[in-house]
Amino acid sequence: MKYKVLYRKYRPDCFENIVGQEYIIKTLKNSIINNHISHAYIFSGPRGTGKTTTAKVFSKAINCLNPKDGSPCGECEFCRNFQENPDIIEIDAASNNGVDEIRALIENIKLAPTNGKYKVYIIDEVHMLSTSAFNALLLTLEEPPAHSIFILATTNIENVPITILSRCQRYDFQKIKNEDIIKRLKEISELEKIEIDDDALEEIAYLSEGGMRDALSLLDQLSKVDQKITLELIEKQIKTISQKNIEELLNSIENNDIDGCLNLINEYRLRAVDYKTLIKKMIDNASERAKKIKKNGLIKRLNFEDYKNLILMLADSLNKININVDSFTILEMILLEFFEESSLKIDNKQGREETKEEKIEESNKEPIKEDNNSFDDKLVKIRINNCFVDAQKKYLEEAKMAVEEYLSTSSEGKIKSILMDSNVVASSSKNLILVCNNVHNIEIANKMLKEIENSFNQDRGTNYKMIFISSEKWEQEKKMYIENLKIKKSYEYIEENDIIKSEQESINDVFNKNKVEII
Ligand SMILES: [Zn+2]
């Protein structure tokens with residue numbers, strides 16, 4: 001026996017089996033009962049929500065010899081031969097979008113129906129018709145023969161001319177609710193003897209985004225693996241990420257578990273889960289949590305504002321995924337920034353102080369560390385100062401453009417993700433001040449200044465020196481700079497080499513004193 005895909009096999013042939021569009025079905029049935037049939041309908045809505053199926057059942061019902069309560073009887077001559085009926089004409093505008101096809105259709109429309117009461121034209125994806133085809137269709141819609149009915153279907157109603165819309169009765173199909181999809185999937189799985197877990201059913205419903213056709217196609221695809229359909233199987237087959245995974249991830253954020261959170265992200269990276277789906281699910285989950293807080297006033301570790309910020313940050317990340325950087329790195333940065341900014345900050349601070357103490361402990365063992373810190377601080381001061389000597393708006397514009405150009409051409413993943421996370425806030429002809437959005441990046445960036453500068457200056461023929469600071473520090477520096485401008489205090493250029501030399505000498509002193517060898 002020829003295999004029929006599930007969605008065709010279980011395509012509803014009566015109104016009762018169409019899932020989720022109760023209001024539309026009721027209105028259409030009433031129009032049949034009351035014999036108020038219009039000459040043109042437009043069914044709009046997302047894919048897989050039952051537009052074409054409804055159009056077919058409706059055309060069957062209007063021609064049925066003994067309709068029962070607005071539904072086709074399924075027994076009369078017309079109902080039985082519905083599939084072969086030459087008076088039900090289906091056109092896919094996506095493949096026949098020319099004016100010739102529409103003209104041929106209009107020629108044909110003049111002829112009376114061969115056996116039913118009406119000739120029905122179902123034009124799928126009608127928004128794909130060309131302008132001249134639309135014009136030809138419009139002429140027919142303006143004066144339709146009494147026996148003709150048009151049912152136009154579209155996933156993109158915005159692209160259907162208003163002149164066409166104004167001639168049609170419009171029905172907006174809604175995404176099908178998950179629980180309705182689950183119910184139908186369950187029925188079909190039982191009939192087909194497909195073994196499937198409840199959470200797998202939920203996952204399929206979620207993935208199909210309110211479209212029954214997609215849900216059934218997924219079920220079809222998964223049932224071919226020849227084992228019980230579980231959440232794990234779905235994750236493996238569809239490279240998706242389950243609701244359970246998303247719960248874990250959001251819980252790790254809520255529990256301020258930075259390590260746990262980064263481990264999970266890395267796991268998803270290795271599993272090559274689809275990044276867009278991941279972000280979309282995170283946004284859905286976070287917004288559910290935010291809504292719960294607003295509704296029930298639940299006391300959680302994160303508040304409503306936190307979730308709102310998280311959602312905005314995640315949504316923004318979708319704009320960045322076209323740039324040739326590992327998307328998961330961006331997500332890591334975003335989440336680290338979120339940990340920093342959320343109401344959990346107090347906990348984070350405690351965490352940071354501990355590590356500082358640990359550092360001091362370490363530095364007691366190795367005196368070189370403290371000296372290095374003061375050296376870094378000096379370099380930050382010098383470079384900010386040197387930038388202010390000749391900071392100009394035109395240099396800033398140039399520098400910003402150079403960074404943008406670098407981001408679109410370079411393949412240095414790590415440097416790119418650092419630069420992507422930072423903004424040039426001031427520039428002279430030689431010095432750039434950059435603010436890192438994520439404070440964790442400041443230390444990393446300043447430690448690899450030479451590497452970043454070399455990579456950046458290389459192809460541009462520039463000779464920029466950079467320094468990375470936090471936005472708080474930048475605000476302070478900017479304030480001071482403006483005050484100095486007011487009192488006309490000028491900045492003097494400081495040679496870095498002098499300081500570095502003297503620093504090196506003092507470091508050597510320390511080494512000599514402590515008899516530590518330079519590595
Ligand atoms: Zn019938």
# chains A, B, ... in the order shown; residues from 1 in each chain; ligands from 1
>>> residues_around(residues="A:Ile293", least_positions_apart="6", cutoff="12 Å", atoms="only C-alpha atoms", output="ChimeraX atom specification")
/A:286-287,299-308
>>> write_last_selection(atoms="N, CA and C atoms", output="short mmCIF file (atom, residue, chain, number, x, y, z; two decimals), in the first residue's frame")
data_model
loop_
_atom_site.label_atom_id
_atom_site.label_comp_id
_atom_site.auth_asym_id
_atom_site.auth_seq_id
_atom_site.Cartn_x
_atom_site.Cartn_y
_atom_site.Cartn_z
N ALA A 286 11.26 33.29 29.90
CA ALA A 286 11.46 34.45 30.76
C ALA A 286 10.20 35.29 30.84
N SER A 287 9.49 35.40 29.72
CA SER A 287 8.29 36.24 29.76
C SER A 287 7.18 35.55 30.55
N ILE A 299 7.45 36.22 45.19
CA ILE A 299 8.77 36.73 45.54
C ILE A 299 9.82 35.78 45.01
N LYS A 300 10.54 36.27 44.04
CA LYS A 300 11.57 35.45 43.40
C LYS A 300 12.89 36.16 43.58
N ARG A 301 13.95 35.45 43.29
CA ARG A 301 15.26 36.09 43.39
C ARG A 301 15.43 37.15 42.30
N LEU A 302 14.78 36.95 41.18
CA LEU A 302 14.79 37.97 40.14
C LEU A 302 13.45 38.67 40.13
N ASN A 303 13.42 39.96 39.86
CA ASN A 303 12.14 40.65 39.81
C ASN A 303 11.70 40.89 38.36
N PHE A 304 10.56 41.54 38.23
CA PHE A 304 9.98 41.76 36.91
C PHE A 304 10.93 42.53 36.00
N GLU A 305 11.52 43.60 36.55
CA GLU A 305 12.46 44.41 35.76
C GLU A 305 13.61 43.56 35.21
N ASP A 306 14.10 42.64 36.08
CA ASP A 306 15.19 41.77 35.65
C ASP A 306 14.80 40.99 34.41
N TYR A 307 13.62 40.36 34.50
CA TYR A 307 13.20 39.54 33.37
C TYR A 307 12.98 40.40 32.13
N LYS A 308 12.42 41.59 32.35
CA LYS A 308 12.19 42.48 31.21
C LYS A 308 13.54 42.78 30.53
#
>>> residues_near_ligand(ligand="ligand 1", cutoff="7 Å", atoms="only C-alpha atoms and all ligand atoms", output="list in words")
Ala61, Cys64, Leu65, Asn66, Pro67, Pro72, Cys73, Gly74, Glu75, Cys76, Glu77, Phe78 and Cys79 of chain A
>>> closest_residue(among="A:Ala55, A:Asp220, A:Glu195, A:Ser189", to="A:Arg8", atoms="only C-alpha atoms")
A:Asp220
>>> residues_around(residues="A:Ile246", least_positions_apart="5", cutoff="12 Å", atoms="only C-alpha atoms", output="PyMOL selection string")
chain A and resi 203+240-241+251-253+261+264-265+268+273+277-286
>>> write_last_selection(atoms="C-alpha atoms", output="mmCIF file, in the first residue's frame")
data_model
loop_
_atom_site.group_PDB
_atom_site.id
_atom_site.type_symbol
_atom_site.label_atom_id
_atom_site.label_comp_id
_atom_site.auth_asym_id
_atom_site.auth_seq_id
_atom_site.Cartn_x
_atom_site.Cartn_y
_atom_site.Cartn_z
ATOM 1 C CA GLU A 203 7.476 19.518 22.578
ATOM 2 C CA THR A 240 16.280 21.391 19.108
ATOM 3 C CA ILE A 241 16.288 22.271 22.716
ATOM 4 C CA ASN A 251 16.766 28.222 36.846
ATOM 5 C CA SER A 252 20.544 28.524 36.781
ATOM 6 C CA ILE A 253 20.168 32.224 36.004
ATOM 7 C CA CYS A 261 24.731 28.525 33.363
ATOM 8 C CA LEU A 264 24.711 24.495 29.990
ATOM 9 C CA ILE A 265 25.456 26.980 27.201
ATOM 10 C CA TYR A 268 24.128 23.429 23.775
ATOM 11 C CA VAL A 273 21.292 23.364 18.932
ATOM 12 C CA THR A 277 15.179 28.514 18.673
ATOM 13 C CA LEU A 278 17.213 28.647 21.874
ATOM 14 C CA ILE A 279 16.868 32.421 22.191
ATOM 15 C CA LYS A 280 13.201 32.327 21.261
ATOM 16 C CA LYS A 281 12.503 29.704 23.901
ATOM 17 C CA MET A 282 14.501 31.610 26.505
ATOM 18 C CA ILE A 283 12.448 34.709 25.752
ATOM 19 C CA ASP A 284 9.188 32.744 25.999
ATOM 20 C CA ASN A 285 10.212 31.168 29.275
ATOM 21 C CA ALA A 286 11.463 34.449 30.762
#
>>> atom_distance(atom1="atom CA of A:Ile196", atom2="atom CA of A:Glu209")
19.3 Å
>>> select_by_dssp(residues="stretch 372-497 of chain A", states="alpha helix (DSSP H)", output="PyMOL selection string")
chain A and resi 372-389+393-409+413-420+440-447+449-458+471-486+496-497
>>> residues_around(residues="A:Tyr23", least_positions_apart="4", cutoff="12 Å", atoms="only C-alpha atoms", output="list of chain:residue names")
A:Phe15, A:Ile18, A:Val19, A:Thr27, A:Leu28, A:Lys29, A:Asn30, A:Tyr171, A:Asp172, A:Phe173, A:Gln174
>>> select_by_dssp(residues="stretch 122-339 of chain A", states="strand (DSSP E or B)", output="list in words")
Ile122, Ile123, Asp124, Ser148, Ile149, Phe150, Ile151, Leu152, Ala153, Thr154, Gln169, Arg170, Tyr171, Asp172, Ile196 and Ile229 of chain A
>>> residues_around(residues="A:Lys224", least_positions_apart="2", cutoff="12 Å", atoms="only C-alpha atoms", output="list in words")
Tyr3, Val5, Leu6, Glu192, Ile194, Glu195, Ser217, Leu218, Leu219, Asp220, Gln221, Leu222, Asp226, Gln227, Lys228, Ile229, Leu233 and Gln237 of chain A
>>> write_last_selection(atoms="C-alpha atoms", output="short mmCIF file (atom, residue, chain, number, x, y, z; two decimals), in the first residue's frame")
data_model
loop_
_atom_site.label_atom_id
_atom_site.label_comp_id
_atom_site.auth_asym_id
_atom_site.auth_seq_id
_atom_site.Cartn_x
_atom_site.Cartn_y
_atom_site.Cartn_z
CA TYR A 3 2.39 5.37 2.20
CA VAL A 5 1.88 11.20 4.97
CA LEU A 6 -0.04 11.69 8.19
CA GLU A 192 -1.29 4.74 14.04
CA ILE A 194 2.87 5.31 17.51
CA GLU A 195 4.38 5.18 21.00
CA SER A 217 4.91 16.35 9.69
CA LEU A 218 7.11 16.24 12.79
CA LEU A 219 5.20 13.29 14.18
CA ASP A 220 5.58 11.59 10.80
CA GLN A 221 9.32 12.19 10.70
CA LEU A 222 9.89 11.03 14.28
CA ASP A 226 11.18 3.09 14.87
CA GLN A 227 11.46 3.59 18.59
CA LYS A 228 9.31 5.21 21.24
CA ILE A 229 9.22 8.97 20.67
CA LEU A 233 14.83 11.52 20.55
CA GLN A 237 16.64 14.32 15.60
#
>>> closest_atom_pairs(of="stretch 112-210 of chain A", to="stretch 86-106 of chain A", cutoff="6 Å", atoms="only C-alpha atoms", output="CSV")
residue,atom,partner,partner_atom,distance
A:Pro113,CA,A:Asp87,CA,5.8
A:Lys119,CA,A:Asp87,CA,4.7
A:Val120,CA,A:Ile88,CA,4.9
A:Tyr121,CA,A:Ile89,CA,4.9
A:Ile122,CA,A:Glu90,CA,4.8
A:Ile123,CA,A:Ile91,CA,4.8
A:Asp124,CA,A:Asp92,CA,4.8
A:Glu125,CA,A:Ala93,CA,5.5
A:Val126,CA,A:Ala93,CA,5.4
A:Met128,CA,A:Ala94,CA,5.4
A:Leu129,CA,A:Asn97,CA,4.4
A:Ser130,CA,A:Asn97,CA,5.7
A:Ser132,CA,A:Val99,CA,5.8
A:Ala133,CA,A:Val99,CA,4.1
>>> write_last_selection(atoms="C-alpha atoms", output="compact mmCIF listing (two decimals), in the first residue's frame")
# COMPACT_ATOMS: atom_id res chain seq x y z
CA PRO A 113 -20.70 23.93 -13.34
CA LYS A 119 -17.90 26.38 -9.32
CA VAL A 120 -15.39 27.03 -6.57
CA TYR A 121 -11.95 28.51 -7.15
CA ILE A 122 -9.55 28.05 -4.28
CA ILE A 123 -6.49 30.24 -4.83
CA ASP A 124 -3.78 29.39 -2.33
CA GLU A 125 -1.08 31.90 -1.37
CA VAL A 126 -2.98 34.52 -3.34
CA MET A 128 1.93 35.79 -4.74
CA LEU A 129 -0.10 36.84 -7.81
CA SER A 130 1.49 39.45 -10.05
CA SER A 132 -1.58 42.23 -13.70
CA ALA A 133 -2.97 38.92 -12.44
>>> residues_around(residues="stretch 423-426 of chain A", least_positions_apart="3", cutoff="6 Å", atoms="only C-alpha atoms", output="number ranges by chain")
A: 396, 432-435
